[in-house]
Amino acid sequence: MDRTSQRNLGTLLRIVILILGLGFVLLPIWYMVVTSFKPQTMIFELPPRLWPQIWTLKNYIAAFGKDHFGLYFLNSSKVAIASTLLTVLISSMLAFVFARLRFPGKETLFYIFLLGMMVPPVMLIIPQFIVAKWLSLFNHLGLILVYTTMNISMQTFLLRGVFENVPRDLEEAALIDGAGPWTIFWSIILPLSWPGVSVVIINTFLYSWEEFAWANVAIKNASQRTLPIGIALFQSEHLTEWGQVFAASLVALVPVLVIFIIFQRHFVQGISTTGLKG
Amino acid sequence: MGGVGRPHHSQQAMHTKRRYSDLIPALIFLLPGLVLFALFFLGPMLYSLRISFFEWKIVHPDRSVFVGFENYQRALSDSIFQRAILNTFAYTVITVTAKMILGLGVALLLNQHMPGRTFFRLAYYLPVITSWVIVSLLFEYMFNGQAGLVNYILKDILRLIPKDVLWFADPILTLVPIILLDIWKGIGWAAIIFLAGLQAIPAELYEAARVDGADSLAQLRYITWPLLGPTTVFLVVVLVIGGLNAYVPFQLMTNGGDPMDLTHSVLTLMYEATFGRIDFGYGAAISYLLTVFVFIISLIELRLMRQQAA
């Protein structure tokens with residue numbers, strides 16, 4: 001066998017293995033999709049079907065009609081967008097300091113920030129609960145501030161790696177033209193770090209969109225609930241109405257998917273620029 | 001990075017001058033981050049340490065009673081806590097190993113030009129972007145004791161089991177869907193990080209190896225694996241931290257420890273002690289034990305890996 005056909009065979013083998021793996025990866029998601037279109041009477045049918053006999057939109061209508069999922073959806077969007085913007089801004093400002101500015105104690109401070117990567121978010125729930133009580137932050141603002149804080153360490157670490165890879169020549173030129181740190185940060189470093197920033201956006205949006213533990217203790221008012229809480233509560237109250245649970249879940253998946261598709265173009269490249277590379 | 005010499009004297013002078021004027025802009029840039037970090041991270045961490053030495057009264061903190069290490073002693077001698085540690089440990093070891101191996105496999109398969117590459121990349125990443133709450137419920141439904149999809153496949157299609165398994169009635173079997181869920185959800189992330197690592201390896205190295213007659217196995221052994229070292233370290237550390245901190249899948253699939261408090265992870269137990277039994281001191285002690293443990297494990301991992309790399 002000559003080299004080219006050997007290589008083609010290799011590629012074919014790869015694709016076959018990847019497709020087999022894909023079955024394992026996509027089966028649960030597919031099952032969720034079809035269940036959300038099954039009528040309630042077919043939820044526990046035997047045998048379970050991967051292609052429903054009857055398709056219905058009832059679950060979607062019911063979920064959004066009676067259980068305020070529309071409202072939860074809006075709440076989640078508000079919280080996730082605000083947390084993402086705030087995290088991008090604050091982490092990149094911190095990363096800029098650690099990558100470019102000089103002052104005594106910088107390294108120590110950086111390591112203190114890194115502590116945030118090691119401590120489990122759930123562990124902080126008790127004292128955060130007390131702080132939030134003290135500041136009356138059992139509301140969306142409380143969620144936004146806590147989500148931002150829990151993301152700062154990791155995202156600052158990633159962005160510092162990105163910023164360090166931006167060539168310094170441009171800044172030197174700007175410095176000579178009398179540009180201050182803010183101009184250098186905002187007009188030179190940030191625009192050149194777009195792939196890295198994309199990674200941060202995906203990470204933080206995902207985190208804030210799906211966070212459960214903190215929202216579960218911090219939000220008492222039913223009208224302020226976010227989607228993960230709404231979905232979990234709904235399931236525990238209507239144990240067998242899986243169709244509606246999955247209808248709501250799939251709608252909840254859409255924004256994350258959109259964000260991911262928009263920013264994924266830079267994703268792998270972005271991770272490479274964050275300094276996690278080999 | 002760094003260590004690049006400045007070619008011109010004039011620039012060097014400018015740099016020295018800049019060094020002294022950096023403190024003020026640095027403070028301004030640091031301020032928002034520092035405030036948040038102090039208020040919602042550092043402060044809470046220290047406060048939590050304090051709580052862990054008290055029989056804490058949440059309504060009247062001033063009436064809390066100092067009990068020294070009693071909360072810690074209670075935790076360490078509590079069989080439910082020991083069981084939770086065992087569960088968390090088993091979960092972490094199994095899931096991290098599986099995700100590393102499968103993730104690397106997928107990354108190696110994807111790291112080549114072929115039709116549908118972007119599609120595969122997106123598809124394998126899909127479980128990563130689904131939320132924990134949603135997929136926990138999904139796996140609970142799929143592993144349902146009666147008409148569950150998994151039982152149906154095992155019993156009626158593959159004929160591996162004689163009758164339906166009640167996955168969530170047995171404290172050990174309950175871990176099966178929880179572990180499978182984590183592996184299923186985590187492969188894509190490990191693969192993407194590995195892929196980024198693979199793409200950072202210069203192609204010339206492989207060409208040189210090929211010229212020297214190295215087959216693909218030798219290339220994997222002598223180029224890919226050693227150069228992926230830092231990526232592997234990063235992944236192991238992050239995945240182990242994540243595993244030890246498992247919370248949502250345990251909470252939702254076991255309703256917080258069912259049956260008989262045998263299926264807790266450390267954090268579901270912490271959550272129940274704190275917000276279920278309002279035993280804040282005990283909960284804080286458990287979270288501190290976990291944090292110290294995570295910290296030590298991370299340090300050991302980093303050291304071991306660095307030794308290996310050297």
# chains A, B, ... in the order shown; residues from 1 in each chain; ligands from 1

call {"tool": "interface_residues", "arguments": {"of": "chain A", "to": "chain B", "cutoff": "7 Å", "atoms": "only C-alpha atoms", "output": "JSON, numbers by chain"}}
result
{"A": [11, 14, 22, 25, 32, 44, 45, 46, 47, 48, 90, 93, 94, 97, 101, 102, 103, 118, 119, 120, 123, 124, 127, 128, 146, 149, 181, 206, 210, 228, 232, 249, 253, 256, 268, 269, 271, 272, 276, 277, 278]}

call {"tool": "residues_around", "arguments": {"residues": "B:Arg74", "least_positions_apart": "4", "cutoff": "10 Å", "atoms": "only C-alpha atoms", "output": "JSON, numbers by chain"}}
result
{"B": [69, 70, 78, 79, 81, 282, 285, 286]}

call {"tool": "select_by_dssp", "arguments": {"residues": "stretch 22-241 of chain B", "states": "strand (DSSP E or B)", "output": "NGL selection string"}}
result
:B and (54-55 or 65-66)

call {"tool": "residues_around", "arguments": {"residues": "A:Ala252", "least_positions_apart": "4", "cutoff": "8 Å", "atoms": "only C-alpha atoms", "output": "PyMOL selection string"}}
result
chain A and resi 73+227+248+256

call {"tool": "atom_distance", "arguments": {"atom1": "atom CA of A:Glu164", "atom2": "atom CA of A:Trp182"}}
result
16.6 Å

call {"tool": "closest_residue", "arguments": {"among": "A:Leu257, A:Phe185, A:Gly65, A:Met117", "to": "A:Met150", "atoms": "only C-alpha atoms"}}
result
A:Met117

call {"tool": "residues_around", "arguments": {"residues": "B:Gly257", "least_positions_apart": "3", "cutoff": "10 Å", "atoms": "only C-alpha atoms", "output": "ChimeraX atom specification"}}
result
/B:80,84,171,250-254,260-265,268-269,272

call {"tool": "closest_residue", "arguments": {"among": "B:Ala75, B:Val266, B:Val59, B:Val65", "to": "B:Asn87", "atoms": "only C-alpha atoms"}}
result
B:Val266

call {"tool": "decode", "arguments": {"residues": "stretch 139-185 of chain A", "atoms": "N, CA and C atoms", "output": "compact mmCIF listing (two decimals), in the first residue's frame"}}
result
# COMPACT_ATOMS: atom_id res chain seq x y z
N ASN A 139 -30.27 39.51 46.27
CA ASN A 139 -30.97 39.89 45.03
C ASN A 139 -30.02 39.69 43.85
N HIS A 140 -30.42 40.17 42.69
CA HIS A 140 -29.58 39.94 41.51
C HIS A 140 -28.20 40.57 41.63
N LEU A 141 -28.14 41.74 42.25
CA LEU A 141 -26.84 42.38 42.39
C LEU A 141 -25.90 41.48 43.20
N GLY A 142 -26.46 40.84 44.23
CA GLY A 142 -25.67 39.91 45.03
C GLY A 142 -25.13 38.76 44.20
N LEU A 143 -25.98 38.24 43.31
CA LEU A 143 -25.52 37.16 42.43
C LEU A 143 -24.40 37.66 41.54
N ILE A 144 -24.61 38.83 40.92
CA ILE A 144 -23.63 39.36 39.97
C ILE A 144 -22.27 39.57 40.65
N LEU A 145 -22.29 40.17 41.84
CA LEU A 145 -21.02 40.47 42.52
C LEU A 145 -20.31 39.18 42.92
N VAL A 146 -21.07 38.21 43.42
CA VAL A 146 -20.43 36.95 43.83
C VAL A 146 -19.91 36.18 42.61
N TYR A 147 -20.69 36.11 41.55
CA TYR A 147 -20.23 35.40 40.36
C TYR A 147 -18.95 36.03 39.82
N THR A 148 -18.94 37.36 39.79
CA THR A 148 -17.75 38.05 39.30
C THR A 148 -16.55 37.70 40.17
N THR A 149 -16.74 37.77 41.48
CA THR A 149 -15.63 37.46 42.39
C THR A 149 -15.13 36.04 42.18
N MET A 150 -16.07 35.08 42.05
CA MET A 150 -15.64 33.69 41.93
C MET A 150 -14.92 33.44 40.60
N ASN A 151 -15.11 34.31 39.63
CA ASN A 151 -14.44 34.12 38.34
C ASN A 151 -13.14 34.90 38.22
N ILE A 152 -12.98 35.92 39.05
CA ILE A 152 -11.85 36.83 38.89
C ILE A 152 -10.51 36.11 38.84
N SER A 153 -10.26 35.19 39.77
CA SER A 153 -8.93 34.60 39.90
C SER A 153 -8.52 33.88 38.63
N MET A 154 -9.35 32.94 38.23
CA MET A 154 -9.03 32.12 37.06
C MET A 154 -8.89 33.00 35.82
N GLN A 155 -9.84 33.91 35.61
CA GLN A 155 -9.83 34.70 34.37
C GLN A 155 -8.67 35.70 34.36
N THR A 156 -8.31 36.23 35.53
CA THR A 156 -7.15 37.12 35.59
C THR A 156 -5.89 36.35 35.23
N PHE A 157 -5.81 35.14 35.77
CA PHE A 157 -4.66 34.28 35.47
C PHE A 157 -4.56 34.02 33.96
N LEU A 158 -5.68 33.70 33.34
CA LEU A 158 -5.69 33.44 31.90
C LEU A 158 -5.28 34.69 31.13
N LEU A 159 -5.88 35.83 31.49
CA LEU A 159 -5.64 37.05 30.73
C LEU A 159 -4.22 37.58 30.90
N ARG A 160 -3.64 37.35 32.08
CA ARG A 160 -2.26 37.79 32.25
C ARG A 160 -1.37 37.09 31.23
N GLY A 161 -1.61 35.77 31.06
CA GLY A 161 -0.85 35.02 30.06
C GLY A 161 -1.04 35.61 28.67
N VAL A 162 -2.28 35.97 28.35
CA VAL A 162 -2.58 36.54 27.04
C VAL A 162 -1.85 37.87 26.85
N PHE A 163 -1.97 38.76 27.84
CA PHE A 163 -1.40 40.10 27.72
C PHE A 163 0.12 40.05 27.61
N GLU A 164 0.72 39.08 28.31
CA GLU A 164 2.18 38.99 28.25
C GLU A 164 2.66 38.63 26.85
N ASN A 165 1.77 37.99 26.08
CA ASN A 165 2.16 37.61 24.73
C ASN A 165 1.97 38.72 23.70
N VAL A 166 1.34 39.83 24.12
CA VAL A 166 1.18 40.95 23.19
C VAL A 166 2.53 41.65 23.06
N PRO A 167 3.02 41.81 21.83
CA PRO A 167 4.33 42.45 21.65
C PRO A 167 4.35 43.86 22.21
N ARG A 168 5.49 44.23 22.79
CA ARG A 168 5.55 45.51 23.47
C ARG A 168 5.82 46.70 22.55
N ASP A 169 6.21 46.42 21.31
CA ASP A 169 6.63 47.52 20.42
C ASP A 169 5.58 48.61 20.29
N LEU A 170 4.30 48.17 20.11
CA LEU A 170 3.24 49.14 19.89
C LEU A 170 3.10 50.09 21.07
N GLU A 171 3.19 49.51 22.29
CA GLU A 171 3.06 50.34 23.48
C GLU A 171 4.18 51.34 23.59
N GLU A 172 5.38 50.85 23.27
CA GLU A 172 6.53 51.75 23.37
C GLU A 172 6.28 52.97 22.50
N ALA A 173 5.78 52.70 21.28
CA ALA A 173 5.48 53.82 20.37
C ALA A 173 4.43 54.74 20.98
N ALA A 174 3.38 54.14 21.55
CA ALA A 174 2.30 54.93 22.13
C ALA A 174 2.81 55.73 23.33
N LEU A 175 3.72 55.10 24.11
CA LEU A 175 4.27 55.79 25.28
C LEU A 175 5.01 57.05 24.86
N ILE A 176 5.76 56.89 23.76
CA ILE A 176 6.51 58.05 23.28
C ILE A 176 5.55 59.16 22.87
N ASP A 177 4.39 58.74 22.31
CA ASP A 177 3.38 59.74 21.94
C ASP A 177 2.63 60.27 23.16
N GLY A 178 3.01 59.83 24.34
CA GLY A 178 2.42 60.38 25.55
C GLY A 178 1.14 59.71 26.01
N ALA A 179 0.90 58.46 25.57
CA ALA A 179 -0.32 57.76 25.99
C ALA A 179 -0.19 57.30 27.44
N GLY A 180 -1.29 57.36 28.18
CA GLY A 180 -1.29 56.90 29.57
C GLY A 180 -1.63 55.42 29.63
N PRO A 181 -1.60 54.85 30.84
CA PRO A 181 -1.88 53.42 31.01
C PRO A 181 -3.27 53.03 30.49
N TRP A 182 -4.26 53.88 30.73
CA TRP A 182 -5.61 53.53 30.30
C TRP A 182 -5.69 53.39 28.78
N THR A 183 -5.07 54.33 28.06
CA THR A 183 -5.07 54.26 26.60
C THR A 183 -4.39 52.99 26.13
N ILE A 184 -3.25 52.68 26.75
CA ILE A 184 -2.51 51.48 26.35
C ILE A 184 -3.36 50.24 26.59
N PHE A 185 -4.00 50.20 27.75
CA PHE A 185 -4.85 49.07 28.10
C PHE A 185 -6.03 48.94 27.15
